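Here's final16.csv, which has CSV, C-alpha atoms:
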chain,number,residue,atom,x,y,z
A,1,MET,CA,-15.4,-8.6,44.7
A,2,GLN,CA,-15.0,-12.3,45.3
A,3,ALA,CA,-13.8,-14.0,42.1
A,4,ASN,CA,-12.7,-17.4,40.8
A,5,CYS,CA,-9.3,-17.5,39.2
A,6,ARG,CA,-9.3,-20.2,36.5
A,7,TYR,CA,-6.9,-22.1,34.3
A,8,GLY,CA,-8.4,-20.6,31.2
A,9,PRO,CA,-10.3,-17.4,30.1
A,10,GLY,CA,-13.8,-18.6,30.8
A,11,LYS,CA,-16.2,-20.3,33.1
A,12,ALA,CA,-15.6,-23.6,31.2
A,13,TYR,CA,-12.2,-23.9,32.8
A,14,LEU,CA,-11.2,-25.5,36.1
A,15,TYR,CA,-11.1,-23.4,39.3
A,16,ALA,CA,-7.5,-22.6,40.3
A,17,TYR,CA,-7.7,-20.1,43.2
A,18,GLY,CA,-10.2,-17.9,45.0
A,19,LEU,CA,-9.8,-14.2,45.2
A,20,PHE,CA,-11.5,-12.0,47.8
A,21,PRO,CA,-12.2,-8.3,48.3
A,22,GLY,CA,-8.9,-6.6,49.1
A,23,ASP,CA,-6.7,-9.2,47.4
A,24,THR,CA,-4.0,-7.7,45.1
A,25,GLY,CA,-1.8,-9.0,42.4
A,26,LYS,CA,-0.1,-8.4,39.0
A,27,VAL,CA,-1.7,-8.5,35.6
A,28,TRP,CA,0.6,-10.3,33.1
A,29,GLY,CA,-1.7,-10.5,30.0
A,30,ARG,CA,-5.2,-10.8,28.6
A,31,ASN,CA,-7.3,-12.7,26.1
A,32,ALA,CA,-7.9,-11.1,22.7
A,33,SER,CA,-11.0,-9.2,23.7
A,34,GLY,CA,-9.6,-8.1,27.1
A,35,THR,CA,-12.6,-9.7,29.0
A,36,TRP,CA,-10.3,-12.0,30.9
A,37,LEU,CA,-6.9,-11.2,32.5
A,38,TRP,CA,-3.9,-13.4,33.2
A,39,VAL,CA,-3.0,-12.5,36.8
A,40,GLU,CA,-0.6,-13.5,39.5
A,41,PRO,CA,-2.4,-12.9,42.8
A,42,ASP,CA,0.0,-11.8,45.6
A,43,GLY,CA,0.9,-14.8,47.9
A,44,ILE,CA,0.8,-17.5,45.2
A,45,ASN,CA,3.5,-18.5,42.8
A,46,TYR,CA,1.4,-19.1,39.6
A,47,SER,CA,-0.9,-17.2,37.4
A,48,CYS,CA,-4.5,-17.8,36.5
A,49,TRP,CA,-7.4,-16.2,34.6
A,50,VAL,CA,-9.9,-13.8,36.1
A,51,ALA,CA,-12.9,-12.0,34.5
A,52,ALA,CA,-11.8,-8.4,34.0
A,53,SER,CA,-15.3,-7.1,34.8
A,54,ILE,CA,-14.9,-8.1,38.5
A,55,LEU,CA,-11.4,-6.7,39.0
A,56,GLU,CA,-10.4,-3.2,39.8
A,57,VAL,CA,-7.6,-2.5,37.4
A,58,VAL,CA,-5.6,0.7,37.2
A,59,GLY,CA,-5.1,1.6,33.5
A,60,ASP,CA,-6.2,0.2,30.2
A,61,VAL,CA,-6.2,-3.7,30.1
A,62,MET,CA,-5.7,-3.6,26.3
A,63,VAL,CA,-2.0,-2.5,26.8
A,64,PHE,CA,-1.3,-6.0,28.0
A,65,ARG,CA,-0.2,-8.7,25.5
A,66,VAL,CA,-2.6,-11.4,24.4
A,67,THR,CA,-1.5,-14.4,26.4
A,68,PRO,CA,-1.8,-18.0,25.3
A,69,ILE,CA,-3.7,-20.5,27.5
A,70,ARG,CA,-1.4,-22.8,29.5
A,71,LEU,CA,-3.6,-25.6,30.7
A,72,PRO,CA,-2.2,-27.9,33.5
A,73,HIS,CA,-1.5,-31.2,31.8
A,74,SER,CA,-2.8,-34.5,33.2
A,75,THR,CA,-1.7,-38.0,32.2
A,76,LEU,CA,-4.0,-39.7,34.7
A,77,TYR,CA,-6.6,-40.3,32.0
A,78,GLU,CA,-6.5,-40.6,28.2
A,79,PRO,CA,-8.1,-38.2,25.7
A,80,PRO,CA,-11.4,-39.4,24.3
A,81,PRO,CA,-10.7,-42.5,22.1
A,82,TRP,CA,-12.5,-41.0,19.0
A,83,VAL,CA,-14.3,-37.9,17.9
A,84,LYS,CA,-16.5,-37.1,14.9
A,85,ALA,CA,-18.4,-34.1,13.7
A,86,GLU,CA,-21.4,-33.8,11.3
A,87,ARG,CA,-23.0,-30.7,9.8
A,88,ASP,CA,-26.8,-30.2,9.7
A,89,GLY,CA,-27.3,-26.8,8.1
A,90,ASN,CA,-25.8,-24.3,10.5
A,91,GLN,CA,-25.5,-26.9,13.3
A,92,VAL,CA,-22.4,-28.9,13.9
A,93,ILE,CA,-22.9,-32.0,16.1
A,94,ILE,CA,-19.8,-33.3,17.7
A,95,THR,CA,-19.8,-36.7,19.3
A,96,TRP,CA,-16.9,-38.7,21.0
A,97,GLY,CA,-16.1,-41.8,22.9
A,98,GLY,CA,-16.4,-41.5,26.7
A,99,VAL,CA,-13.5,-41.8,29.1
A,100,ASN,CA,-14.1,-43.8,32.3
A,101,MET,CA,-13.0,-41.7,35.4
A,102,THR,CA,-13.6,-42.0,39.1
A,103,GLU,CA,-16.5,-39.9,40.3
A,104,ASP,CA,-14.1,-37.8,42.4
A,105,ASP,CA,-11.8,-37.0,39.4
A,106,ASN,CA,-14.4,-36.5,36.7
A,107,ARG,CA,-14.8,-33.0,35.4
A,108,GLY,CA,-16.1,-34.0,32.0
A,109,TYR,CA,-14.8,-32.6,28.7
A,110,LEU,CA,-13.6,-29.3,27.4
A,111,ILE,CA,-14.1,-28.1,23.8
A,112,GLU,CA,-12.2,-25.1,22.5
A,113,ALA,CA,-13.6,-24.1,19.1
A,114,TYR,CA,-13.5,-21.3,16.5
A,115,VAL,CA,-17.0,-21.1,15.0
A,116,CYS,CA,-18.6,-18.9,12.4
A,117,GLN,CA,-21.4,-16.7,13.6
A,118,ASN,CA,-22.7,-13.5,11.9
A,119,GLU,CA,-19.9,-13.9,9.4
A,120,ASN,CA,-17.2,-13.7,12.1
A,121,LEU,CA,-15.0,-16.4,13.4
A,122,ILE,CA,-15.4,-16.4,17.2
A,123,TRP,CA,-13.7,-18.4,19.9
A,124,ILE,CA,-15.8,-20.4,22.3
A,125,ALA,CA,-14.8,-22.7,25.2
A,126,VAL,CA,-17.4,-25.1,26.7
A,127,GLN,CA,-17.4,-27.7,29.4
A,128,THR,CA,-19.8,-30.7,29.3
A,129,TYR,CA,-20.2,-34.0,31.0
A,130,GLU,CA,-22.0,-35.4,28.0
A,131,THR,CA,-20.3,-37.0,25.0
A,132,THR,CA,-22.0,-34.8,22.4
A,133,TYR,CA,-22.2,-31.1,21.9
A,134,THR,CA,-23.9,-29.0,19.2
A,135,PHE,CA,-22.5,-25.7,18.0
A,136,THR,CA,-24.1,-23.1,15.8
A,137,ASP,CA,-21.6,-22.7,13.0
A,138,GLU,CA,-22.6,-20.8,9.8
A,139,THR,CA,-20.9,-21.4,6.5
A,140,THR,CA,-20.4,-17.7,5.6
A,141,CYS,CA,-16.9,-17.2,7.0
A,142,THR,CA,-13.8,-17.0,4.8
A,143,THR,CA,-11.8,-18.9,7.5
A,144,ASN,CA,-12.6,-22.5,8.4
A,145,SER,CA,-14.0,-23.4,11.8
A,146,SER,CA,-12.0,-25.8,14.0
A,147,GLY,CA,-11.9,-27.3,17.5
A,148,LEU,CA,-10.0,-29.2,20.1
A,149,LEU,CA,-11.4,-31.7,22.6
A,150,TYR,CA,-9.9,-32.6,26.0
A,151,THR,CA,-10.7,-35.0,28.8
A,152,VAL,CA,-10.8,-33.0,32.1
A,153,GLU,CA,-10.0,-34.4,35.5
A,154,LYS,CA,-9.7,-32.4,38.7
A,155,HIS,CA,-6.0,-31.9,38.3
A,156,GLY,CA,-5.9,-30.9,34.7
A,157,TYR,CA,-6.4,-31.6,31.0
A,158,THR,CA,-5.3,-34.4,28.7
A,159,ASP,CA,-3.6,-33.8,25.4
A,160,PRO,CA,-6.2,-32.4,23.0
A,161,ILE,CA,-7.6,-34.3,20.0
A,162,GLU,CA,-8.5,-32.3,16.9
A,163,ILE,CA,-12.1,-32.3,15.9
A,164,PRO,CA,-12.5,-33.2,12.2
A,165,TRP,CA,-14.7,-30.2,11.5
A,166,PRO,CA,-17.1,-30.6,8.6
A,167,GLU,CA,-17.2,-28.0,5.8

Just dump the structure as structure tokens.
Amino acid sequence: MQANCRYGPGKAYLYAYGLFPGDTGKVWGRNASGTWLWVEPDGINYSCWVAASILEVVGDVMVFRVTPIRLPHSTLYEPPPWVKAERDGNQVIITWGGVNMTEDDNRGYLIEAYVCQNENLIWIAVQTYETTYTFTDETTCTTNSSGLLYTVEKHGYTDPIEIPWPE
């Protein structure tokens, strides 16, 4: 079926390429859960991420290695100038300084975070145009939560800044 090939394993990432019924390609890797695949569509010379649920894959996707995310880097804009995070019970409220971008370039911000939910550390990627975001993050995990914040413009992502995650 028709699919969006993205720069990361999730809808929060920028669109890279469109796939259509009948398109073919090679699978090079997967995310940890196997829900997104790192593919190289035939006819283009780069790879991108596609939801496994909309592809017809021959074989078990879990045989592929877990592939790191390789975001296209942009130096056109700076990362947010500051970021802070505060805890209110099981809610972590992240706020940051905005980055002025042209309307045509502006794709907002990306947060990649590991948060504690149901006593498990889970990975989440979110895109927002706001300069604040609230995560549910319980305090019951044995590993600390963490996150990275990027400015996003239509060609790529700035260097990330680490979110000072509260305990």

Restricting to all atoms listed in the file, whichever of A:Ala52, A:Ala32, A:Val152, A:Leu110 is closest to His73 in chain A is A:Val152

So the first atom is CA of Pro21 in chain A and the second is CA of Ile124 in chain A; what is the distance between them in Å, to one decimal place?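 Those two atoms sit 28.9 Å apart.
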
Residues within 12 Å of Trp38 in chain A, please, as a PDB file with C-alpha atoms, in the frame of the given file. Count only C-alpha atoms; anything in the same chain fewer than 4 positions from it doesn't count.
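Saved the output as selection_14.pdb:
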ATOM      1  CA  CYS A   5      -9.300 -17.500  39.200  1.00  0.00           C
ATOM      2  CA  ARG A   6      -9.300 -20.200  36.500  1.00  0.00           C
ATOM      3  CA  TYR A   7      -6.900 -22.100  34.300  1.00  0.00           C
ATOM      4  CA  GLY A   8      -8.400 -20.600  31.200  1.00  0.00           C
ATOM      5  CA  PRO A   9     -10.300 -17.400  30.100  1.00  0.00           C
ATOM      6  CA  GLY A  10     -13.800 -18.600  30.800  1.00  0.00           C
ATOM      7  CA  GLY A  25      -1.800  -9.000  42.400  1.00  0.00           C
ATOM      8  CA  LYS A  26      -0.100  -8.400  39.000  1.00  0.00           C
ATOM      9  CA  VAL A  27      -1.700  -8.500  35.600  1.00  0.00           C
ATOM     10  CA  TRP A  28       0.600 -10.300  33.100  1.00  0.00           C
ATOM     11  CA  GLY A  29      -1.700 -10.500  30.000  1.00  0.00           C
ATOM     12  CA  ARG A  30      -5.200 -10.800  28.600  1.00  0.00           C
ATOM     13  CA  ASN A  31      -7.300 -12.700  26.100  1.00  0.00           C
ATOM     14  CA  ALA A  32      -7.900 -11.100  22.700  1.00  0.00           C
ATOM     15  CA  GLY A  34      -9.600  -8.100  27.100  1.00  0.00           C
ATOM     16  CA  TYR A  46       1.400 -19.100  39.600  1.00  0.00           C
ATOM     17  CA  SER A  47      -0.900 -17.200  37.400  1.00  0.00           C
ATOM     18  CA  CYS A  48      -4.500 -17.800  36.500  1.00  0.00           C
ATOM     19  CA  TRP A  49      -7.400 -16.200  34.600  1.00  0.00           C
ATOM     20  CA  VAL A  50      -9.900 -13.800  36.100  1.00  0.00           C
ATOM     21  CA  ALA A  51     -12.900 -12.000  34.500  1.00  0.00           C
ATOM     22  CA  ALA A  52     -11.800  -8.400  34.000  1.00  0.00           C
ATOM     23  CA  LEU A  55     -11.400  -6.700  39.000  1.00  0.00           C
ATOM     24  CA  VAL A  61      -6.200  -3.700  30.100  1.00  0.00           C
ATOM     25  CA  PHE A  64      -1.300  -6.000  28.000  1.00  0.00           C
ATOM     26  CA  ARG A  65      -0.200  -8.700  25.500  1.00  0.00           C
ATOM     27  CA  VAL A  66      -2.600 -11.400  24.400  1.00  0.00           C
ATOM     28  CA  THR A  67      -1.500 -14.400  26.400  1.00  0.00           C
ATOM     29  CA  PRO A  68      -1.800 -18.000  25.300  1.00  0.00           C
ATOM     30  CA  ILE A  69      -3.700 -20.500  27.500  1.00  0.00           C
ATOM     31  CA  ARG A  70      -1.400 -22.800  29.500  1.00  0.00           C
TER      32      ARG A  70
END

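Between CA of Val63 in chain A and CA of Asn144 in chain A the separation is 29.2 Å.
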
**Study point:** Selected residue, from A:Ala12, A:Ile163, A:Ile111, A:Ile93, that lies nearest to Tyr150 in chain A when counting only C-alpha atoms
**Key:**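 Of all the options, A:Ile111 lies closest to Tyr150 in chain A.
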